[in-house]
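Q: I am sharing upload_8.pdb, which consists of PDB, C-alpha atoms, pLDDT in the B column:
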ATOM      1  CA  MET A1243      59.025  19.591  20.781  1.00 62.00           C
ATOM      2  CA  ASN A1244      55.895  19.053  22.889  1.00 73.00           C
ATOM      3  CA  THR A1245      52.848  17.012  21.894  1.00 75.00           C
ATOM      4  CA  THR A1246      50.765  20.080  21.054  1.00 79.00           C
ATOM      5  CA  GLU A1247      53.377  21.327  18.594  1.00 79.00           C
ATOM      6  CA  THR A1248      53.735  17.854  17.081  1.00 78.00           C
ATOM      7  CA  LEU A1249      49.991  17.631  16.528  1.00 77.00           C
ATOM      8  CA  ARG A1250      49.955  21.081  14.975  1.00 81.00           C
ATOM      9  CA  ILE A1251      52.630  20.086  12.458  1.00 81.00           C
ATOM     10  CA  PHE A1252      50.869  16.820  11.568  1.00 78.00           C
ATOM     11  CA  ASN A1253      47.661  18.738  10.869  1.00 80.00           C
ATOM     12  CA  GLU A1254      49.467  21.526   9.027  1.00 80.00           C
ATOM     13  CA  ILE A1255      51.113  19.143   6.578  1.00 78.00           C
ATOM     14  CA  LYS A1256      47.827  17.237   6.145  1.00 79.00           C
ATOM     15  CA  LEU A1257      48.910  14.008   7.809  1.00 81.00           C
ATOM     16  CA  LEU A1258      45.497  13.853   9.401  1.00 77.00           C
ATOM     17  CA  GLY A1259      45.415  10.088   9.874  1.00 80.00           C
ATOM     18  CA  ILE A1260      48.678  10.244  11.787  1.00 79.00           C
ATOM     19  CA  ALA A1261      47.414  13.234  13.783  1.00 80.00           C
ATOM     20  CA  GLN A1262      44.325  11.282  14.831  1.00 83.00           C
ATOM     21  CA  CYS A1263      46.408   8.256  15.795  1.00 80.00           C
ATOM     22  CA  TYR A1264      48.851  10.378  17.794  1.00 78.00           C
ATOM     23  CA  GLN A1265      45.993  12.122  19.592  1.00 84.00           C
ATOM     24  CA  LEU A1266      44.529   8.730  20.526  1.00 82.00           C
ATOM     25  CA  MET A1267      47.887   7.634  21.913  1.00 79.00           C
ATOM     26  CA  ILE A1268      48.043  10.724  24.092  1.00 77.00           C
ATOM     27  CA  ASP A1269      44.454  10.334  25.286  1.00 78.00           C
ATOM     28  CA  LEU A1270      44.649   6.599  25.991  1.00 75.00           C
ATOM     29  CA  LEU A1271      48.164   6.557  27.435  1.00 68.00           C
ATOM     30  CA  PRO A1272      48.373   9.782  29.450  1.00 64.00           C
ATOM     31  CA  ASN A1273      50.596   8.389  32.173  1.00 62.00           C
ATOM     32  CA  GLN A1274      52.480   5.780  30.211  1.00 63.00           C
ATOM     33  CA  GLU A1275      55.301   5.786  27.727  1.00 69.00           C
ATOM     34  CA  LEU A1276      54.366   5.967  24.062  1.00 70.00           C
ATOM     35  CA  PRO A1277      55.155   2.931  21.870  1.00 75.00           C
ATOM     36  CA  ASP A1278      58.710   2.439  20.671  1.00 73.00           C
ATOM     37  CA  THR A1279      59.792   4.058  17.404  1.00 76.00           C
ATOM     38  CA  HIS A1280      59.184   1.038  15.150  1.00 78.00           C
ATOM     39  CA  THR A1281      55.766   0.278  16.638  1.00 80.00           C
ATOM     40  CA  ALA A1282      54.697   3.917  16.466  1.00 79.00           C
ATOM     41  CA  ALA A1283      55.873   4.207  12.846  1.00 82.00           C
ATOM     42  CA  ALA A1284      53.831   1.139  11.868  1.00 83.00           C
ATOM     43  CA  MET A1285      50.763   2.481  13.672  1.00 83.00           C
ATOM     44  CA  PHE A1286      51.140   5.892  12.018  1.00 82.00           C
ATOM     45  CA  ALA A1287      51.548   4.367   8.546  1.00 85.00           C
ATOM     46  CA  GLU A1288      48.444   2.192   8.971  1.00 83.00           C
ATOM     47  CA  ALA A1289      46.418   5.078  10.390  1.00 82.00           C
ATOM     48  CA  GLN A1290      47.343   7.380   7.500  1.00 78.00           C
ATOM     49  CA  GLN A1291      46.582   4.704   4.913  1.00 81.00           C
ATOM     50  CA  THR A1292      43.182   4.022   6.503  1.00 80.00           C
ATOM     51  CA  TRP A1293      42.391   7.738   6.647  1.00 79.00           C
ATOM     52  CA  GLN A1294      43.263   8.215   2.972  1.00 82.00           C
ATOM     53  CA  LYS A1295      41.176   5.206   1.963  1.00 87.00           C
ATOM     54  CA  ASP A1296      38.195   6.443   3.993  1.00 83.00           C
ATOM     55  CA  LYS A1297      38.541   9.908   2.453  1.00 89.00           C
ATOM     56  CA  GLN A1298      38.653   8.462  -1.071  1.00 89.00           C
ATOM     57  CA  THR A1299      35.617   6.304  -0.332  1.00 91.00           C
ATOM     58  CA  ALA A1300      33.664   9.325   0.921  1.00 94.00           C
ATOM     59  CA  THR A1301      34.650  11.259  -2.219  1.00 95.00           C
ATOM     60  CA  ASN A1302      33.642   8.371  -4.481  1.00 94.00           C
ATOM     61  CA  ILE A1303      30.242   8.090  -2.784  1.00 96.00           C
ATOM     62  CA  LYS A1304      29.628  11.837  -3.014  1.00 96.00           C
ATOM     63  CA  ASN A1305      30.585  12.019  -6.693  1.00 95.00           C
ATOM     64  CA  ALA A1306      28.532   8.934  -7.591  1.00 96.00           C
ATOM     65  CA  ARG A1307      25.332  10.807  -6.682  1.00 96.00           C
ATOM     66  CA  LEU A1308      23.486   7.588  -5.945  1.00 97.00           C
ATOM     67  CA  ARG A1309      19.727   7.779  -5.627  1.00 95.00           C
ATOM     68  CA  TYR A1310      19.762   5.615  -2.498  1.00 94.00           C
ATOM     69  CA  GLN A1311      22.424   5.015   0.147  1.00 93.00           C
ATOM     70  CA  ILE A1312      21.860   1.279   0.558  1.00 95.00           C
ATOM     71  CA  THR A1313      24.448  -1.335   1.498  1.00 95.00           C
ATOM     72  CA  PRO A1314      24.491  -4.831  -0.040  1.00 95.00           C
ATOM     73  CA  GLN A1315      23.640  -6.218   3.411  1.00 95.00           C
ATOM     74  CA  GLU A1316      20.289  -4.423   3.296  1.00 95.00           C
ATOM     75  CA  ILE A1317      19.205  -6.153   0.089  1.00 96.00           C
ATOM     76  CA  GLU A1318      16.795  -9.033   0.595  1.00 93.00           C
ATOM     77  CA  CYS A1319      17.741 -12.106  -1.396  1.00 94.00           C
ATOM     78  CA  SER A1320      15.435 -14.997  -2.204  1.00 91.00           C
ATOM     79  CA  THR A1321      14.746 -17.401  -5.033  1.00 87.00           C
ATOM     80  CA  ALA A1322      11.147 -16.187  -5.107  1.00 87.00           C
ATOM     81  CA  ARG A1323      12.350 -12.651  -5.666  1.00 92.00           C
ATOM     82  CA  GLY A1324      14.640 -13.657  -8.508  1.00 93.00           C
ATOM     83  CA  LEU A1325      17.865 -12.774  -6.706  1.00 95.00           C
ATOM     84  CA  SER A1326      19.667 -15.632  -4.997  1.00 94.00           C
ATOM     85  CA  LYS A1327      22.059 -15.076  -2.117  1.00 94.00           C
ATOM     86  CA  GLU A1328      24.846 -16.793  -4.060  1.00 94.00           C
ATOM     87  CA  GLN A1329      24.381 -14.498  -7.056  1.00 94.00           C
ATOM     88  CA  TRP A1330      24.308 -11.443  -4.810  1.00 96.00           C
ATOM     89  CA  ILE A1331      27.534 -12.421  -3.040  1.00 95.00           C
ATOM     90  CA  ILE A1332      29.291 -12.796  -6.394  1.00 95.00           C
ATOM     91  CA  LEU A1333      28.087  -9.403  -7.624  1.00 96.00           C
ATOM     92  CA  SER A1334      28.952  -7.714  -4.312  1.00 96.00           C
ATOM     93  CA  GLU A1335      32.580  -8.776  -4.741  1.00 96.00           C
ATOM     94  CA  CYS A1336      32.791  -6.307  -7.678  1.00 96.00           C
ATOM     95  CA  ARG A1337      34.699  -8.692  -9.933  1.00 95.00           C
ATOM     96  CA  TYR A1338      32.293  -7.781 -12.731  1.00 96.00           C
ATOM     97  CA  ILE A1339      33.790  -4.273 -12.730  1.00 97.00           C
ATOM     98  CA  LYS A1340      37.314  -5.592 -13.200  1.00 94.00           C
ATOM     99  CA  GLU A1341      36.010  -7.812 -16.016  1.00 94.00           C
ATOM    100  CA  GLY A1342      34.073  -5.011 -17.718  1.00 94.00           C
ATOM    101  CA  THR A1343      30.835  -6.990 -17.451  1.00 96.00           C
ATOM    102  CA  ASN A1344      27.432  -5.279 -17.476  1.00 96.00           C
ATOM    103  CA  ILE A1345      24.419  -5.946 -15.249  1.00 97.00           C
ATOM    104  CA  ILE A1346      20.823  -5.715 -16.459  1.00 97.00           C
ATOM    105  CA  ILE A1347      18.128  -5.497 -13.787  1.00 97.00           C
ATOM    106  CA  LEU A1348      14.555  -6.004 -14.992  1.00 97.00           C
ATOM    107  CA  GLY A1349      11.222  -5.964 -13.197  1.00 95.00           C
ATOM    108  CA  ALA A1350       7.965  -4.134 -12.613  1.00 94.00           C
ATOM    109  CA  THR A1351       7.839  -0.747 -10.903  1.00 91.00           C
ATOM    110  CA  GLY A1352       8.602  -0.819  -7.203  1.00 90.00           C
ATOM    111  CA  VAL A1353      10.252  -4.252  -7.009  1.00 93.00           C
ATOM    112  CA  GLY A1354      13.617  -2.788  -5.975  1.00 94.00           C
ATOM    113  CA  LYS A1355      15.605  -2.363  -9.185  1.00 96.00           C
ATOM    114  CA  SER A1356      17.014   1.044  -8.239  1.00 96.00           C
ATOM    115  CA  ALA A1357      17.823  -0.105  -4.703  1.00 96.00           C
ATOM    116  CA  ILE A1358      19.829  -3.050  -5.994  1.00 97.00           C
ATOM    117  CA  ALA A1359      21.663  -0.888  -8.535  1.00 98.00           C
ATOM    118  CA  CYS A1360      22.525   1.696  -5.873  1.00 98.00           C
ATOM    119  CA  ALA A1361      23.673  -0.978  -3.427  1.00 98.00           C
ATOM    120  CA  LEU A1362      26.085  -2.222  -6.077  1.00 98.00           C
ATOM    121  CA  GLY A1363      27.160   1.365  -6.713  1.00 98.00           C
ATOM    122  CA  LEU A1364      27.855   1.946  -3.020  1.00 98.00           C
ATOM    123  CA  GLN A1365      29.808  -1.296  -2.754  1.00 97.00           C
ATOM    124  CA  ALA A1366      31.866  -0.278  -5.780  1.00 97.00           C
ATOM    125  CA  CYS A1367      32.747   3.031  -4.087  1.00 97.00           C
ATOM    126  CA  ILE A1368      33.711   1.230  -0.870  1.00 95.00           C
ATOM    127  CA  SER A1369      35.861  -1.173  -2.908  1.00 95.00           C
ATOM    128  CA  GLY A1370      37.815   1.707  -4.422  1.00 94.00           C
ATOM    129  CA  PHE A1371      36.016   2.127  -7.747  1.00 96.00           C
ATOM    130  CA  LYS A1372      34.514   5.364  -9.017  1.00 96.00           C
ATOM    131  CA  ALA A1373      30.856   5.134  -9.966  1.00 97.00           C
ATOM    132  CA  LYS A1374      28.357   7.416 -11.684  1.00 97.00           C
ATOM    133  CA  TYR A1375      24.580   7.238 -11.308  1.00 97.00           C
ATOM    134  CA  PHE A1376      22.108   8.699 -13.801  1.00 96.00           C
ATOM    135  CA  ASN A1377      18.375   8.429 -13.975  1.00 95.00           C
ATOM    136  CA  MET A1378      17.824   8.126 -17.728  1.00 93.00           C
ATOM    137  CA  ASN A1379      15.756  11.303 -17.775  1.00 92.00           C
ATOM    138  CA  ARG A1380      18.613  13.191 -16.138  1.00 92.00           C
ATOM    139  CA  LEU A1381      21.131  11.743 -18.577  1.00 93.00           C
ATOM    140  CA  ILE A1382      18.952  12.924 -21.456  1.00 92.00           C
ATOM    141  CA  GLU A1383      18.775  16.420 -19.933  1.00 93.00           C
ATOM    142  CA  ASP A1384      22.536  16.495 -19.300  1.00 94.00           C
ATOM    143  CA  VAL A1385      23.313  15.434 -22.867  1.00 93.00           C
ATOM    144  CA  LYS A1386      21.024  18.098 -24.320  1.00 92.00           C
ATOM    145  CA  ALA A1387      22.492  20.787 -22.053  1.00 95.00           C
ATOM    146  CA  ALA A1388      26.051  19.711 -22.904  1.00 94.00           C
ATOM    147  CA  LYS A1389      25.338  19.987 -26.623  1.00 91.00           C
ATOM    148  CA  LEU A1390      24.093  23.539 -26.103  1.00 93.00           C
ATOM    149  CA  ASN A1391      26.963  24.760 -23.923  1.00 95.00           C
ATOM    150  CA  GLY A1392      29.775  22.996 -25.763  1.00 93.00           C
ATOM    151  CA  SER A1393      30.667  20.483 -23.050  1.00 95.00           C
ATOM    152  CA  TYR A1394      29.329  17.406 -24.848  1.00 93.00           C
ATOM    153  CA  LEU A1395      32.697  15.737 -25.440  1.00 93.00           C
ATOM    154  CA  LYS A1396      33.753  16.483 -21.864  1.00 94.00           C
ATOM    155  CA  LEU A1397      30.591  14.845 -20.529  1.00 94.00           C
ATOM    156  CA  LEU A1398      31.112  11.728 -22.631  1.00 92.00           C
ATOM    157  CA  ASP A1399      34.747  11.566 -21.516  1.00 92.00           C
ATOM    158  CA  GLN A1400      33.760  11.768 -17.840  1.00 91.00           C
ATOM    159  CA  ILE A1401      31.207   8.990 -18.272  1.00 93.00           C
ATOM    160  CA  ALA A1402      33.660   6.842 -20.244  1.00 89.00           C
ATOM    161  CA  LYS A1403      36.290   7.087 -17.488  1.00 89.00           C
ATOM    162  CA  SER A1404      33.953   5.897 -14.718  1.00 95.00           C
ATOM    163  CA  PRO A1405      34.596   2.196 -13.978  1.00 97.00           C
ATOM    164  CA  LEU A1406      30.902   1.801 -13.114  1.00 98.00           C
ATOM    165  CA  LEU A1407      27.990   3.606 -14.766  1.00 98.00           C
ATOM    166  CA  ILE A1408      24.426   3.153 -13.504  1.00 98.00           C
ATOM    167  CA  LEU A1409      21.580   4.030 -15.882  1.00 97.00           C
ATOM    168  CA  ASP A1410      18.301   3.836 -14.001  1.00 97.00           C
ATOM    169  CA  ASP A1411      14.809   3.504 -15.509  1.00 95.00           C
ATOM    170  CA  PHE A1412      15.767   2.934 -19.118  1.00 94.00           C
ATOM    171  CA  GLY A1413      12.839   2.906 -21.526  1.00 90.00           C
ATOM    172  CA  LEU A1414      10.451   5.339 -19.859  1.00 88.00           C
ATOM    173  CA  LYS A1415      10.924   7.692 -22.804  1.00 86.00           C
ATOM    174  CA  ALA A1416      11.738   7.134 -26.455  1.00 85.00           C
ATOM    175  CA  LEU A1417      15.211   8.310 -27.471  1.00 89.00           C
ATOM    176  CA  ASP A1418      15.447  11.075 -30.055  1.00 89.00           C
ATOM    177  CA  LYS A1419      18.252  11.145 -32.636  1.00 87.00           C
ATOM    178  CA  ASP A1420      20.782  13.089 -30.547  1.00 87.00           C
ATOM    179  CA  ILE A1421      20.228  10.898 -27.481  1.00 90.00           C
ATOM    180  CA  ARG A1422      20.409   7.696 -29.539  1.00 90.00           C
ATOM    181  CA  VAL A1423      23.799   8.723 -30.898  1.00 91.00           C
ATOM    182  CA  ALA A1424      25.041   9.782 -27.461  1.00 92.00           C
ATOM    183  CA  PHE A1425      23.829   6.520 -25.940  1.00 92.00           C
ATOM    184  CA  TYR A1426      25.662   4.530 -28.581  1.00 92.00           C
ATOM    185  CA  GLU A1427      28.868   6.548 -28.100  1.00 93.00           C
ATOM    186  CA  ILE A1428      28.719   5.991 -24.331  1.00 93.00           C
ATOM    187  CA  LEU A1429      28.277   2.242 -24.736  1.00 92.00           C
ATOM    188  CA  GLU A1430      30.942   2.033 -27.442  1.00 92.00           C
ATOM    189  CA  ASP A1431      33.488   3.856 -25.272  1.00 91.00           C
ATOM    190  CA  ARG A1432      32.770   1.522 -22.358  1.00 91.00           C
ATOM    191  CA  SER A1433      32.337  -1.790 -24.177  1.00 89.00           C
ATOM    192  CA  GLY A1434      34.644  -4.451 -22.744  1.00 86.00           C
ATOM    193  CA  ARG A1435      36.505  -1.894 -20.617  1.00 90.00           C
ATOM    194  CA  SER A1436      34.017  -0.658 -18.021  1.00 95.00           C
ATOM    195  CA  SER A1437      30.804  -1.898 -16.457  1.00 97.00           C
ATOM    196  CA  THR A1438      27.322  -0.496 -16.928  1.00 97.00           C
ATOM    197  CA  ILE A1439      24.270  -1.314 -14.826  1.00 98.00           C
ATOM    198  CA  ILE A1440      20.923  -0.703 -16.535  1.00 97.00           C
ATOM    199  CA  THR A1441      17.534  -1.021 -14.856  1.00 97.00           C
ATOM    200  CA  SER A1442      14.284  -1.167 -16.782  1.00 96.00           C
ATOM    201  CA  GLN A1443      10.627  -2.057 -16.426  1.00 95.00           C
ATOM    202  CA  LEU A1444      10.636  -3.331 -19.999  1.00 94.00           C
ATOM    203  CA  PRO A1445      11.733  -6.754 -21.234  1.00 93.00           C
ATOM    204  CA  ILE A1446      14.827  -6.459 -23.400  1.00 92.00           C
ATOM    205  CA  PRO A1447      12.995  -7.191 -26.735  1.00 91.00           C
ATOM    206  CA  ASN A1448      10.826  -4.113 -26.042  1.00 91.00           C
ATOM    207  CA  TRP A1449      13.888  -1.851 -25.838  1.00 91.00           C
ATOM    208  CA  TYR A1450      14.140  -1.769 -29.625  1.00 90.00           C
ATOM    209  CA  ASP A1451      11.002   0.360 -29.871  1.00 88.00           C
ATOM    210  CA  LYS A1452      12.612   3.102 -27.741  1.00 89.00           C
ATOM    211  CA  PHE A1453      15.375   3.713 -30.271  1.00 87.00           C
ATOM    212  CA  GLY A1454      13.389   4.426 -33.397  1.00 83.00           C
ATOM    213  CA  ASP A1455      16.373   3.181 -35.399  1.00 83.00           C
ATOM    214  CA  SER A1456      16.733  -0.582 -35.768  1.00 86.00           C
ATOM    215  CA  THR A1457      20.400  -0.461 -36.813  1.00 89.00           C
ATOM    216  CA  LEU A1458      21.467   1.690 -33.878  1.00 87.00           C
ATOM    217  CA  ALA A1459      19.257  -0.305 -31.535  1.00 90.00           C
ATOM    218  CA  GLU A1460      20.954  -3.525 -32.595  1.00 91.00           C
ATOM    219  CA  ALA A1461      24.407  -2.004 -32.101  1.00 91.00           C
ATOM    220  CA  CYS A1462      23.541  -0.661 -28.631  1.00 91.00           C
ATOM    221  CA  LEU A1463      21.853  -3.820 -27.396  1.00 91.00           C
ATOM    222  CA  ASP A1464      24.723  -5.951 -28.623  1.00 91.00           C
ATOM    223  CA  ARG A1465      27.097  -3.926 -26.434  1.00 90.00           C
ATOM    224  CA  ILE A1466      24.755  -4.067 -23.436  1.00 91.00           C
ATOM    225  CA  THR A1467      23.530  -7.652 -23.492  1.00 90.00           C
ATOM    226  CA  GLY A1468      26.448  -9.446 -25.135  1.00 84.00           C
ATOM    227  CA  ASN A1469      28.494  -9.459 -21.937  1.00 86.00           C
ATOM    228  CA  SER A1470      26.163  -9.154 -18.973  1.00 93.00           C
ATOM    229  CA  TYR A1471      24.608 -10.602 -15.854  1.00 94.00           C
ATOM    230  CA  LYS A1472      20.809 -10.492 -15.859  1.00 95.00           C
ATOM    231  CA  ILE A1473      18.537 -10.137 -12.832  1.00 96.00           C
ATOM    232  CA  ASN A1474      14.802 -10.598 -13.382  1.00 95.00           C
ATOM    233  CA  LEU A1475      13.035  -9.378 -10.256  1.00 96.00           C
ATOM    234  CA  THR A1476       9.548 -10.590  -9.429  1.00 91.00           C
ATOM    235  CA  GLY A1477       6.947  -9.923  -6.752  1.00 83.00           C
ATOM    236  CA  ASN A1478       4.872  -6.989  -5.576  1.00 79.00           C
ATOM    237  CA  SER A1479       5.962  -3.405  -5.025  1.00 77.00           C
ATOM    238  CA  ARG A1480       8.237  -3.008  -2.015  1.00 74.00           C
ATOM    239  CA  ARG A1481       7.939   0.743  -1.625  1.00 69.00           C
ATOM    240  CA  SER A1482       5.084   0.696   0.878  1.00 60.00           C
ATOM    241  CA  LYS A1483       7.000  -1.913   2.897  1.00 60.00           C
ATOM    242  CA  LYS A1484      10.185   0.208   2.848  1.00 60.00           C
ATOM    243  CA  LYS A1485      12.286  -2.804   1.979  1.00 69.00           C
ATOM    244  CA  ALA A1486      15.270  -3.067  -0.314  1.00 75.00           C
TER     245      ALA A1486
END
Please go through the file and, once you have read it, give me the structure as structure tokens.

A:
Amino acid sequence: MNTTETLRIFNEIKLLGIAQCYQLMIDLLPNQELPDTHTAAAMFAEAQQTWQKDKQTATNIKNARLRYQITPQEIECSTARGLSKEQWIILSECRYIKEGTNIIILGATGVGKSAIACALGLQACISGFKAKYFNMNRLIEDVKAAKLNGSYLKLLDQIAKSPLLILDDFGLKALDKDIRVAFYEILEDRSGRSSTIITSQLPIPNWYDKFGDSTLAEACLDRITGNSYKINLTGNSRRSKKKA
């Protein structure tokens, strides 16, 4: 069997990582012998594993639908900003996801809350976790649409199964009865099992007013804040500076 036929078979049976590795061997070693069987097998196995991991990462990033494609390395850390380098390194390791711990990011408009949340979302995808990003307005629209078309339980199940959920810009709108109940069900399904990142311009005590139901507000906030890291960002808007 010649090299062309071998490559065709690798591609046909979807061993694309091995196909790429084999093609590189041919290109880089045109006049030399290929590695021995054991060395080649090890190289093929590593290449296929890397290819599968890269493919899964790309799928995770696509499905997360992050607002920004920002890496943790692009985030500026400083004590003055309210985000220390040490804290950021810990969060970037994604241990909080394994622990089912939430993250609350607070600060005025434009200080970089969404950028930080998305950087954590991207790092989660790279680390092998599935993530889901929602602007709160979009979540509200999706919940209302799901109730109308009968896919409400399916939507909640999809959100519940995501190891990381990002809810951006909480508190811009008051929550009506249906959304309050949905929000509680989402948090209840995830409590202690999965991580949720919430960004908001409002201090946490002001969140109660957005529920219109003190009992439900208390239940929701207990599940959000009871087990969470908190980041209080300070400073001026960073949008005009194009900084993360």

Q: Would you compute the distance between CA of Ser1356 in chain A and CA of Ile1408 in chain A? Give it in Å to one decimal.

A: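 That distance, rounded to one decimal, is 9.3 Å.
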
Q: List the neighbours of Gly1352 in chain A out to 10 Å using only C-alpha atoms; skip same-chain residues closer than 4 positions along the sequence, and give me the result as a PDB file with C-alpha atoms, keeping the file's coordinate frame.

A:
ATOM      1  CA  SER A1356      17.014   1.044  -8.239  1.00 96.00           C
ATOM      2  CA  ALA A1357      17.823  -0.105  -4.703  1.00 96.00           C
ATOM      3  CA  GLN A1443      10.627  -2.057 -16.426  1.00 95.00           C
ATOM      4  CA  GLY A1477       6.947  -9.923  -6.752  1.00 83.00           C
ATOM      5  CA  ASN A1478       4.872  -6.989  -5.576  1.00 79.00           C
ATOM      6  CA  SER A1479       5.962  -3.405  -5.025  1.00 77.00           C
ATOM      7  CA  ARG A1480       8.237  -3.008  -2.015  1.00 74.00           C
ATOM      8  CA  ARG A1481       7.939   0.743  -1.625  1.00 69.00           C
ATOM      9  CA  SER A1482       5.084   0.696   0.878  1.00 60.00           C
ATOM     10  CA  ALA A1486      15.270  -3.067  -0.314  1.00 75.00           C
TER      11      ALA A1486
END

Q: Using only C-alpha atoms, collect all residues at a distance of at most 9 Å from (12.0, 9.8, -22.0) as written in the file, then present them as a list in words.

A: Met1378, Asn1379, Ile1382, Phe1412, Gly1413, Leu1414, Lys1415, Ala1416, Leu1417, Asp1418 and Lys1452 of chain A

Q: Tell me which residues come within 8 Å of (25.3, -7.6, -17.8), as a VMD selection string, counting all atoms listed in the file in the file's coordinates.

A: chain A and resid 1343 to 1346 1438 to 1439 1466 to 1472

Q: Which residues, named as in the file, does the PyMOL selection byres ((chain A and resi 1286) around 8) pick out? Answer as JSON, numbers by chain.

A: {"A": [1259, 1260, 1263, 1264, 1282, 1283, 1284, 1285, 1287, 1288, 1289, 1290]}

Q: List, as a list in words, every residue that the PyMOL selection byres ((chain A and resi 1410) around 6) selects in the file provided.

A: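 So the PyMOL selection byres ((chain A and resi 1410) around 6) ends up selecting Asn1377, Met1378, Leu1409, Asp1411, Phe1412, Ile1440 and Thr1441 of chain A.
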
Q: Please, what distance in Å, to one decimal, runs between CA of Leu1475 in chain A and CA of Tyr1310 in chain A?

A: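 About the pair CA of Leu1475 in chain A and CA of Tyr1310 in chain A: they are 18.2 Å apart.
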
Q: What separation in Å, quoted to one decimal, exists between CA of Leu1444 in chain A and CA of Leu1398 in chain A?

A: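 Those two atoms sit 25.6 Å apart.
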
Q: Tell me which protein, DNA and RNA residues are within 12 Å of Ala1461 in chain A, counting all atoms listed in the file, leaving out same-chain ones fewer than 4 positions away, and put them as a PDB file with C-alpha atoms, in the coordinates of the input.

A:
ATOM      1  CA  ARG A1422      20.409   7.696 -29.539  1.00 90.00           C
ATOM      2  CA  VAL A1423      23.799   8.723 -30.898  1.00 91.00           C
ATOM      3  CA  PHE A1425      23.829   6.520 -25.940  1.00 92.00           C
ATOM      4  CA  TYR A1426      25.662   4.530 -28.581  1.00 92.00           C
ATOM      5  CA  GLU A1427      28.868   6.548 -28.100  1.00 93.00           C
ATOM      6  CA  ILE A1428      28.719   5.991 -24.331  1.00 93.00           C
ATOM      7  CA  LEU A1429      28.277   2.242 -24.736  1.00 92.00           C
ATOM      8  CA  GLU A1430      30.942   2.033 -27.442  1.00 92.00           C
ATOM      9  CA  SER A1433      32.337  -1.790 -24.177  1.00 89.00           C
ATOM     10  CA  TYR A1450      14.140  -1.769 -29.625  1.00 90.00           C
ATOM     11  CA  PHE A1453      15.375   3.713 -30.271  1.00 87.00           C
ATOM     12  CA  ASP A1455      16.373   3.181 -35.399  1.00 83.00           C
ATOM     13  CA  SER A1456      16.733  -0.582 -35.768  1.00 86.00           C
ATOM     14  CA  THR A1457      20.400  -0.461 -36.813  1.00 89.00           C
ATOM     15  CA  ARG A1465      27.097  -3.926 -26.434  1.00 90.00           C
ATOM     16  CA  ILE A1466      24.755  -4.067 -23.436  1.00 91.00           C
ATOM     17  CA  THR A1467      23.530  -7.652 -23.492  1.00 90.00           C
ATOM     18  CA  GLY A1468      26.448  -9.446 -25.135  1.00 84.00           C
TER      19      GLY A1468
END
